[in-house]
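The file coords_33.txt comes next; it holds compact mmCIF, C-alpha atoms.
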# COMPACT_ATOMS: atom_id res chain seq x y z
CA MET A 1 -2.09 -12.65 16.69
CA ALA A 2 -3.06 -11.28 13.29
CA MET A 3 -2.16 -12.26 9.76
CA SER A 4 -2.41 -10.31 6.56
CA ALA A 5 -4.05 -10.88 3.18
CA ASP A 6 -2.23 -8.94 0.46
CA PRO A 7 -2.57 -8.77 -3.35
CA TYR A 8 1.10 -9.56 -4.04
CA LEU A 9 0.48 -13.16 -2.93
CA ARG A 10 -1.68 -13.75 -6.01
CA GLY A 11 1.33 -14.49 -8.21
CA GLY A 12 2.55 -17.38 -6.12
CA ILE A 13 -0.94 -18.77 -5.57
CA LYS A 14 -1.63 -18.66 -9.31
CA THR A 15 1.52 -20.59 -10.23
CA GLY A 16 1.67 -22.80 -7.15
CA GLU A 17 5.11 -21.39 -6.34
CA VAL A 18 4.41 -20.64 -2.69
CA PRO A 19 6.04 -22.07 0.43
CA ARG A 20 4.16 -24.64 2.48
CA PRO A 21 2.82 -23.39 4.79
CA MET A 22 2.25 -20.11 2.99
CA THR A 23 4.33 -17.19 4.22
CA GLY A 24 3.14 -13.63 4.60
CA PHE A 25 3.01 -10.74 7.04
CA VAL A 26 1.96 -11.47 10.62
CA ALA A 27 1.97 -9.66 13.96
CA GLY A 28 1.75 -11.12 17.43
CA LYS A 29 2.95 -11.31 21.02
CA VAL A 30 6.06 -13.22 22.18
CA ILE A 31 4.87 -15.75 24.78
CA GLU A 32 8.18 -17.54 25.40
CA SER A 33 11.70 -16.51 24.51
CA GLN A 34 15.38 -17.34 24.74
CA ASN A 35 16.32 -14.30 22.65
CA GLU A 36 17.33 -11.17 24.57
CA ALA A 37 16.25 -8.97 21.69
CA TRP A 38 12.71 -10.34 21.92
CA PRO A 39 11.73 -10.75 25.61
CA VAL A 40 8.41 -12.25 26.65
CA GLY A 41 5.61 -9.77 26.06
CA SER A 42 7.25 -8.14 23.04
CA LEU A 43 5.00 -7.28 20.13
CA MET A 44 6.48 -8.39 16.83
CA GLY A 45 5.73 -7.93 13.17
CA ALA A 46 7.42 -10.28 10.70
CA ALA A 47 7.21 -12.16 7.43
CA LEU A 48 6.55 -15.70 8.65
CA PRO A 49 4.42 -18.76 7.85
CA PHE A 50 0.69 -18.43 8.36
CA SER A 51 -0.03 -20.40 11.53
CA SER A 52 -1.71 -19.75 14.85
CA VAL A 53 1.52 -20.33 16.84
CA GLN A 54 5.05 -19.55 15.62
CA LEU A 55 8.35 -21.15 16.63
CA VAL A 56 10.88 -18.58 15.43
CA THR A 57 14.57 -19.45 15.66
CA SER A 58 17.46 -17.02 15.39
CA GLU A 59 18.25 -18.53 12.00
CA VAL A 60 14.72 -17.83 10.78
CA LEU A 61 14.92 -14.24 12.05
CA SER A 62 18.19 -13.72 10.22
CA LYS A 63 16.54 -14.63 6.92
CA THR A 64 13.29 -12.66 7.15
CA MET A 65 11.95 -9.20 7.86
CA SER A 66 10.92 -8.37 11.41
CA TRP A 67 10.05 -5.14 13.21
CA ASN A 68 9.50 -4.35 16.88
CA LEU A 69 6.07 -2.93 17.65
CA THR A 70 6.38 -2.95 21.45
CA ASP A 71 6.88 0.80 21.90
CA HIS A 72 4.23 1.76 19.37
CA ILE A 73 1.03 -0.21 20.01
CA SER A 74 -0.75 -2.24 22.66
CA GLU A 75 -1.68 -5.90 22.33
CA ASP A 76 -5.27 -4.87 21.62
CA GLU A 77 -4.03 -2.93 18.59
CA ILE A 78 -2.01 -5.80 17.13
CA THR A 79 -3.70 -5.59 13.71
CA LEU A 80 -2.02 -2.20 13.22
CA GLY A 81 1.26 -4.14 13.02
CA ILE A 82 0.27 -5.56 9.64
CA GLY A 83 -1.42 -2.37 8.49
CA VAL A 84 -0.44 1.22 9.17
CA LEU A 85 2.67 0.01 11.08
CA GLY A 86 3.41 -2.88 8.74
CA MET A 87 3.87 -3.50 5.05
CA PRO A 88 1.09 -1.16 3.79
CA GLY A 89 2.19 1.72 5.98
CA SER A 90 5.86 1.36 5.09
CA THR A 91 4.98 1.07 1.39
CA ALA A 92 3.02 4.31 1.58
CA TYR A 93 5.73 6.02 3.64
CA GLY A 94 8.63 4.82 1.51
CA GLY A 95 6.95 5.49 -1.79
CA LEU A 96 5.99 8.99 -0.74
CA THR A 97 9.04 10.19 1.20
CA GLY A 98 11.72 8.15 -0.57
CA VAL A 99 10.52 7.83 -4.17
CA LEU A 100 8.11 10.65 -4.96
CA ARG A 101 9.72 13.15 -2.56
CA PRO A 102 6.95 15.77 -2.71
CA ASN A 103 7.41 19.50 -2.60
CA GLU A 104 5.02 21.50 -0.46
CA GLY A 105 1.60 21.87 -2.07
CA GLU A 106 2.10 19.58 -5.07
CA THR A 107 -0.67 17.43 -6.55
CA LEU A 108 -0.81 13.64 -6.06
CA PHE A 109 -2.99 11.09 -7.85
CA VAL A 110 -3.52 7.74 -6.09
CA SER A 111 -5.12 4.61 -7.53
CA ALA A 112 -6.84 2.07 -5.26
CA ALA A 113 -7.35 5.03 -2.95
CA ALA A 114 -9.65 3.18 -0.54
CA GLY A 115 -7.18 0.32 -0.10
CA ALA A 116 -4.61 -0.38 2.57
CA VAL A 117 -1.74 1.47 0.88
CA GLY A 118 -3.62 4.07 -1.15
CA SER A 119 -5.66 5.37 1.78
CA LEU A 120 -2.50 5.92 3.83
CA VAL A 121 -0.34 7.55 1.16
CA GLY A 122 -3.01 10.14 0.46
CA GLN A 123 -3.32 11.02 4.13
CA MET A 124 0.46 11.21 4.58
CA ALA A 125 0.74 13.53 1.60
CA LYS A 126 -1.90 15.81 3.09
CA ALA A 127 -0.45 15.78 6.60
CA LYS A 128 3.25 16.13 5.81
CA TYR A 129 3.36 18.04 2.53
CA ASN A 130 -0.02 19.80 2.27
CA CYS A 131 -0.60 18.15 -1.09
CA THR A 132 -3.76 18.27 -3.15
CA VAL A 133 -4.77 14.60 -3.41
CA VAL A 134 -6.97 12.95 -6.03
CA GLY A 135 -8.00 9.33 -5.50
CA SER A 136 -9.49 6.70 -7.78
CA CYS A 137 -11.63 3.91 -6.32
CA GLY A 138 -14.63 1.79 -7.19
CA GLY A 139 -18.13 2.80 -6.14
CA ALA A 140 -19.91 5.75 -4.54
CA ALA A 141 -19.41 4.47 -0.97
CA LYS A 142 -15.63 4.26 -1.38
CA ASN A 143 -15.53 7.66 -3.05
CA GLU A 144 -17.29 9.17 -0.06
CA LEU A 145 -14.98 7.29 2.34
CA VAL A 146 -11.77 8.62 0.82
CA LYS A 147 -13.04 12.18 1.03
CA ALA A 148 -14.86 12.07 4.38
CA LYS A 149 -12.54 9.81 6.40
CA PHE A 150 -9.19 9.99 4.59
CA GLY A 151 -9.35 13.67 3.64
CA PHE A 152 -8.75 13.37 -0.12
CA ASP A 153 -9.63 16.54 -2.01
CA HIS A 154 -11.19 14.72 -4.98
CA ALA A 155 -12.39 11.18 -5.70
CA ILE A 156 -13.03 9.54 -9.06
CA ASP A 157 -15.23 6.45 -9.41
CA TYR A 158 -13.50 4.34 -12.06
CA LYS A 159 -16.55 2.06 -12.24
CA GLU A 160 -18.46 4.92 -13.87
CA LEU A 161 -16.05 5.08 -16.81
CA SER A 162 -18.06 3.98 -19.84
CA SER A 163 -16.11 4.76 -23.01
CA ASP A 164 -14.01 2.32 -24.99
CA ASP A 165 -10.96 4.45 -24.22
CA LYS A 166 -10.97 4.37 -20.42
CA ALA A 167 -7.48 5.87 -20.18
CA ALA A 168 -8.59 9.00 -22.03
CA GLU A 169 -11.82 9.21 -20.04
CA LEU A 170 -9.99 8.85 -16.74
CA ALA A 171 -7.45 11.46 -17.81
CA SER A 172 -10.35 13.82 -18.52
CA LYS A 173 -11.76 13.17 -15.03
CA ILE A 174 -8.36 13.91 -13.48
CA LYS A 175 -8.17 17.18 -15.42
CA GLU A 176 -11.66 18.10 -14.22
CA ALA A 177 -10.43 17.75 -10.65
CA VAL A 178 -7.01 19.36 -11.16
CA PRO A 179 -6.92 21.31 -14.46
CA ASP A 180 -3.15 21.85 -14.31
CA GLY A 181 -2.47 18.11 -14.09
CA ILE A 182 -0.61 16.07 -11.48
CA ASP A 183 2.92 16.23 -10.12
CA MET A 184 2.97 12.67 -8.75
CA TYR A 185 1.21 9.36 -9.22
CA PHE A 186 1.24 6.51 -6.70
CA GLU A 187 0.63 3.38 -8.78
CA ASN A 188 -1.25 0.46 -7.22
CA VAL A 189 -3.37 -0.69 -10.16
CA GLY A 190 -1.67 -0.49 -13.57
CA GLY A 191 -3.57 -0.69 -16.86
CA TYR A 192 -5.46 2.39 -17.98
CA HIS A 193 -4.83 4.10 -14.63
CA PHE A 194 -1.14 4.26 -15.49
CA GLU A 195 -1.79 5.63 -18.97
CA ALA A 196 -4.21 8.26 -17.62
CA ALA A 197 -1.60 9.33 -15.07
CA MET A 198 1.09 9.65 -17.74
CA ALA A 199 -1.26 11.73 -19.90
CA THR A 200 -1.81 14.22 -17.07
CA LEU A 201 1.71 14.20 -15.56
CA ARG A 202 3.31 17.61 -15.40
CA PRO A 203 6.98 18.42 -16.18
CA LYS A 204 9.28 17.02 -13.48
CA GLY A 205 6.46 14.62 -12.56
CA ARG A 206 7.18 11.39 -10.70
CA ILE A 207 5.50 7.99 -10.62
CA ALA A 208 6.08 5.47 -7.81
CA VAL A 209 5.15 1.92 -8.83
CA CYS A 210 4.47 -0.57 -6.05
CA GLY A 211 1.61 -2.63 -7.48
CA SER A 212 -0.42 -3.52 -10.56
CA ILE A 213 -3.45 -5.35 -9.19
CA SER A 214 -5.37 -5.08 -12.47
CA THR A 215 -2.92 -7.57 -14.01
CA TYR A 216 -2.61 -10.12 -11.20
CA ASN A 217 -5.30 -12.53 -12.40
CA TYR A 218 -3.89 -12.87 -15.92
CA GLU A 219 -1.86 -15.92 -16.85
CA SER A 220 1.85 -15.27 -17.11
CA GLY A 221 2.71 -13.18 -20.16
CA THR A 222 -0.90 -12.44 -21.14
CA ALA A 223 -1.59 -9.20 -19.23
CA PRO A 224 -2.08 -6.13 -21.45
CA LEU A 225 1.03 -4.00 -21.73
CA ASN A 226 1.09 -0.30 -20.97
CA ASN A 227 2.13 2.18 -23.61
CA ILE A 228 4.87 4.60 -22.55
CA ASN A 229 5.89 7.46 -24.80
CA ILE A 230 9.50 7.77 -23.64
CA SER A 231 10.16 10.82 -25.79
CA GLN A 232 7.57 12.63 -23.65
CA MET A 233 9.81 12.10 -20.63
CA ILE A 234 13.08 13.52 -21.91
CA TYR A 235 12.59 17.27 -21.96
CA THR A 236 9.91 17.16 -19.25
CA PHE A 237 12.35 15.44 -16.84
CA GLN A 238 9.74 12.92 -15.73
CA ARG A 239 10.63 9.84 -13.70
CA ILE A 240 9.08 6.38 -13.13
CA GLU A 241 10.49 4.25 -10.32
CA GLY A 242 9.54 0.86 -8.94
CA PHE A 243 10.14 0.00 -5.28
CA VAL A 244 9.29 -2.35 -2.40
CA CYS A 245 8.74 -1.62 1.28
CA MET A 246 11.70 -3.47 2.80
CA PRO A 247 14.21 -0.61 3.33
CA TRP A 248 11.66 1.41 5.29
CA LEU A 249 9.93 -1.47 7.08
CA THR A 250 13.23 -2.83 8.41
CA GLY A 251 14.53 0.62 9.40
CA ARG A 252 17.45 0.67 6.98
CA GLN A 253 16.07 3.83 5.43
CA GLY A 254 13.94 6.63 6.88
CA ASN A 255 12.20 6.67 10.26
CA PHE A 256 9.04 4.77 9.42
CA LEU A 257 7.87 3.32 12.76
CA ALA A 258 8.56 6.45 14.81
CA ASP A 259 7.12 8.85 12.25
CA VAL A 260 3.99 6.91 11.34
CA SER A 261 3.11 5.84 14.89
CA GLN A 262 3.36 9.51 15.91
CA TRP A 263 1.14 10.65 13.02
CA TYR A 264 -1.38 7.96 13.97
CA ARG A 265 -1.42 8.99 17.64
CA GLU A 266 -1.81 12.63 16.65
CA GLY A 267 -4.92 11.75 14.62
CA LYS A 268 -3.33 12.62 11.28
CA LEU A 269 -3.93 9.10 9.90
CA ASN A 270 -7.31 7.39 9.96
CA VAL A 271 -7.32 3.61 9.61
CA GLU A 272 -9.96 1.40 8.04
CA GLU A 273 -9.90 -2.39 8.43
CA THR A 274 -11.90 -5.22 6.90
CA THR A 275 -11.66 -7.98 9.50
CA PHE A 276 -12.07 -11.74 9.23
CA ASP A 277 -11.94 -14.13 12.21
CA GLY A 278 -9.99 -17.39 12.36
CA ILE A 279 -7.26 -18.87 10.20
CA HIS A 280 -9.89 -20.77 8.20
CA SER A 281 -11.26 -17.44 6.91
CA TRP A 282 -8.03 -16.41 5.19
CA VAL A 283 -9.24 -17.57 1.74
CA ASP A 284 -12.34 -15.36 1.99
CA ALA A 285 -10.18 -12.48 3.22
CA PHE A 286 -7.84 -12.85 0.26
CA ALA A 287 -10.70 -13.08 -2.25
CA ALA A 288 -12.14 -9.80 -0.92
CA LEU A 289 -9.08 -7.99 -2.30
CA PHE A 290 -10.08 -8.86 -5.86
CA THR A 291 -13.86 -8.47 -5.63
CA GLY A 292 -13.87 -4.98 -4.14
CA ALA A 293 -15.46 -6.23 -0.92
CA ASN A 294 -12.74 -4.66 1.23
CA THR A 295 -11.96 -1.17 2.37
CA GLY A 296 -8.63 -0.33 3.93
CA LYS A 297 -6.52 -3.18 5.28
CA VAL A 298 -7.75 -6.78 5.15
CA VAL A 299 -6.79 -8.55 8.39
CA VAL A 300 -7.39 -12.02 9.80
CA LYS A 301 -7.56 -12.22 13.58
CA LEU A 302 -6.47 -15.44 15.28
Give the structure from the file, written as structure tokens.
Amino acid sequence: MAMSADPYLRGGIKTGEVPRPMTGFVAGKVIESQNEAWPVGSLMGAALPFSSVQLVTSEVLSKTMSWNLTDHISEDEITLGIGVLGMPGSTAYGGLTGVLRPNEGETLFVSAAAGAVGSLVGQMAKAKYNCTVVGSCGGAAKNELVKAKFGFDHAIDYKELSSDDKAAELASKIKEAVPDGIDMYFENVGGYHFEAAMATLRPKGRIAVCGSISTYNYESGTAPLNNINISQMIYTFQRIEGFVCMPWLTGRQGNFLADVSQWYREGKLNVEETTFDGIHSWVDAFAALFTGANTGKVVVKL
């Protein structure tokens, strides 16, 4: 069994408004069953409490997300069920195919490009739409990773930004990489990354917003607000849209599991995992998301 550590959990941890035991994304093997839809040996992904053994009733299943991994991975690959074939993969897939809806050869900017979602969305954009992809991440090693392993065309090290106006400096770096600007931005970070993306967004540009990790450690109501010049968006026909993974992860929209498992098997998607062992290590796994100690998906193996 594997369980996930994800940035979105920070809000509940910060306020104490989390279920006991904490609930998040898990993947595992069915070892006993009275449910015909989930026979013994099935591989399941779901949003369930963090525990080493799950007792999952039909009532619980009716109130949570679950997805069948049996036809897509082996038991030895169970961590993929909370990564490329779980929430991060469906977020990347849904945000790209359902929200941004690229045209062939357009330009995409991705923040947190070495992370679980960012690394996948860039690769999907390259594989499916032949996009030019620019990624932002922290540190020389991650910059090299996103280009060498994930196939990004350009990488920008945001930790090297030194001016007081980081939004303007980042926008300048984006323009150095793609002088004509960007057609799409996949937002994982917020803050000056968002403002730099808006400053370089071309007419008919789109922004998909699924995360804002730069704000997650602020107390409620104290995070800096982004400036949006709405008049800029009218005659340029630009669009900003927030979304979550659920329609694609549950199969209500798109063809996520079939498409992404095929791309993975064909070698079009490379996966990076930062692995921790044992349920007791979950706190360290979660902290790694905010210190930059992770690359790709953070997983806890049980």
Q: Have a look at A:Leu61, A:Ala114, A:Ala199, A:Ile234 and name the one nearest to Ala293 in chain A; count all atoms listed in the file.
A: A:Ala114
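If you measure from each of A:Ile279, A:Leu269, A:Tyr93, A:Gly45 to Pro247 in chain A using only C-alpha atoms, the closest one turns out to be A:Tyr93.
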Q | A:Pro203, A:Val121, A:Phe109, A:Ile230 ranked by distance to Gly89 in chain A, top pick (using all atoms listed in the file) | A |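 Ranking A:Pro203, A:Val121, A:Phe109, A:Ile230 by distance to Gly89 in chain A, first place goes to A:Val121.
Distance check against Gln262 in chain A using all atoms listed in the file: of A:Ala47, A:Ile73, A:Leu108, A:Ala37, the minimum falls on A:Ile73.
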Q) How many Å lie between CA of Glu17 in chain A and CA of Val283 in chain A, rounded to one decimal? A) 16.9 Å
Would you mind listing what lies within 9 Å of Ala177 in chain A as a tab-separated table (two decimals) with C-alpha atoms, in the coordinates of the input, with all atoms listed in the file counted and same-chain residues fewer than 5 positions away left out?
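Written file, part-v4.tsv:
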chain	number	residue	atom	x	y	z
A	134	VAL	CA	-6.97	12.95	-6.03
A	153	ASP	CA	-9.63	16.54	-2.01
A	154	HIS	CA	-11.19	14.72	-4.98
A	155	ALA	CA	-12.39	11.18	-5.70
A	156	ILE	CA	-13.03	9.54	-9.06
A	172	SER	CA	-10.35	13.82	-18.52
Q) So which residues touch Trp248 in chain A within 10 Å, counting only C-alpha atoms, skipping near sequence neighbours fewer than 3 positions away, as a list of chain:residue names? A) A:Gly86, A:Met87, A:Gly89, A:Ser90, A:Thr91, A:Ala92, A:Tyr93, A:Gly94, A:Gly95, A:Gly98, A:Val244, A:Cys245, A:Gly251, A:Arg252, A:Gln253, A:Gly254, A:Asn255, A:Phe256, A:Leu257
Q | Best match for closeness to Glu272 in chain A among A:Gly151, A:Gly242, A:Pro7, A:Gly115, counting only C-alpha atoms | A | A:Gly115
Using the incomplete input, complete range 228-263 of chain A to the level of N, CA and C atoms; output as a compact mmCIF listing (two decimals), in the coordinates of the input.
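Writing the result to selection_23.txt gives the following:
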# COMPACT_ATOMS: atom_id res chain seq x y z
N ILE A 228 4.12 3.49 -23.12
CA ILE A 228 4.87 4.60 -22.55
C ILE A 228 5.56 5.34 -23.69
N ASN A 229 5.24 6.61 -23.81
CA ASN A 229 5.89 7.46 -24.80
C ASN A 229 7.15 8.03 -24.16
N ILE A 230 8.29 7.35 -24.35
CA ILE A 230 9.50 7.77 -23.64
C ILE A 230 10.01 9.12 -24.09
N SER A 231 9.71 9.51 -25.33
CA SER A 231 10.16 10.82 -25.79
C SER A 231 9.48 11.94 -25.01
N GLN A 232 8.28 11.66 -24.49
CA GLN A 232 7.57 12.63 -23.65
C GLN A 232 8.35 12.95 -22.38
N MET A 233 9.18 11.98 -21.93
CA MET A 233 9.81 12.10 -20.63
C MET A 233 11.15 12.83 -20.67
N ILE A 234 11.71 13.01 -21.83
CA ILE A 234 13.08 13.52 -21.91
C ILE A 234 13.16 14.99 -21.49
N TYR A 235 12.48 15.84 -22.22
CA TYR A 235 12.59 17.27 -21.96
C TYR A 235 11.63 17.74 -20.88
N THR A 236 10.78 16.84 -20.40
CA THR A 236 9.91 17.16 -19.25
C THR A 236 10.52 16.65 -17.95
N PHE A 237 11.63 15.91 -18.03
CA PHE A 237 12.35 15.44 -16.84
C PHE A 237 11.46 14.61 -15.92
N GLN A 238 10.62 13.77 -16.52
CA GLN A 238 9.74 12.92 -15.73
C GLN A 238 10.46 11.64 -15.31
N ARG A 239 9.95 11.01 -14.25
CA ARG A 239 10.63 9.84 -13.70
C ARG A 239 9.60 8.80 -13.27
N ILE A 240 9.88 7.53 -13.58
CA ILE A 240 9.08 6.38 -13.13
C ILE A 240 10.00 5.46 -12.35
N GLU A 241 9.61 5.07 -11.15
CA GLU A 241 10.49 4.25 -10.32
C GLU A 241 9.69 3.18 -9.58
N GLY A 242 10.12 1.94 -9.71
CA GLY A 242 9.54 0.86 -8.94
C GLY A 242 10.24 0.71 -7.60
N PHE A 243 9.54 0.16 -6.61
CA PHE A 243 10.14 0.00 -5.28
C PHE A 243 9.36 -1.03 -4.48
N VAL A 244 9.96 -1.50 -3.38
CA VAL A 244 9.29 -2.35 -2.40
C VAL A 244 9.50 -1.74 -1.01
N CYS A 245 8.78 -2.25 -0.04
CA CYS A 245 8.74 -1.62 1.28
C CYS A 245 9.94 -1.90 2.16
N MET A 246 10.73 -2.93 1.85
CA MET A 246 11.70 -3.47 2.80
C MET A 246 12.66 -2.45 3.43
N PRO A 247 13.26 -1.53 2.67
CA PRO A 247 14.21 -0.61 3.33
C PRO A 247 13.58 0.20 4.45
N TRP A 248 12.33 0.59 4.28
CA TRP A 248 11.66 1.41 5.29
C TRP A 248 11.07 0.56 6.41
N LEU A 249 10.53 -0.60 6.07
CA LEU A 249 9.93 -1.47 7.08
C LEU A 249 10.97 -2.01 8.05
N THR A 250 12.17 -2.28 7.56
CA THR A 250 13.23 -2.83 8.41
C THR A 250 14.06 -1.74 9.09
N GLY A 251 13.80 -0.48 8.76
CA GLY A 251 14.53 0.62 9.40
C GLY A 251 15.85 0.96 8.77
N ARG A 252 16.19 0.33 7.64
CA ARG A 252 17.45 0.67 6.98
C ARG A 252 17.41 2.04 6.32
N GLN A 253 16.22 2.53 6.08
CA GLN A 253 16.07 3.83 5.43
C GLN A 253 14.89 4.55 6.08
N GLY A 254 15.03 5.85 6.32
CA GLY A 254 13.94 6.63 6.88
C GLY A 254 13.71 6.35 8.35
N ASN A 255 12.56 6.79 8.84
CA ASN A 255 12.20 6.67 10.26
C ASN A 255 10.75 6.24 10.37
N PHE A 256 10.43 5.18 9.64
CA PHE A 256 9.04 4.77 9.42
C PHE A 256 8.26 4.56 10.72
N LEU A 257 8.68 3.66 11.59
CA LEU A 257 7.87 3.32 12.76
C LEU A 257 7.65 4.53 13.67
N ALA A 258 8.70 5.28 13.94
CA ALA A 258 8.56 6.45 14.81
C ALA A 258 7.67 7.51 14.19
N ASP A 259 7.89 7.80 12.91
CA ASP A 259 7.12 8.85 12.25
C ASP A 259 5.64 8.47 12.15
N VAL A 260 5.37 7.27 11.63
CA VAL A 260 3.99 6.91 11.34
C VAL A 260 3.20 6.64 12.62
N SER A 261 3.83 6.04 13.62
CA SER A 261 3.11 5.84 14.89
C SER A 261 2.76 7.19 15.51
N GLN A 262 3.65 8.17 15.39
CA GLN A 262 3.36 9.51 15.91
C GLN A 262 2.21 10.15 15.14
N TRP A 263 2.23 10.07 13.81
CA TRP A 263 1.14 10.65 13.02
C TRP A 263 -0.19 9.99 13.37
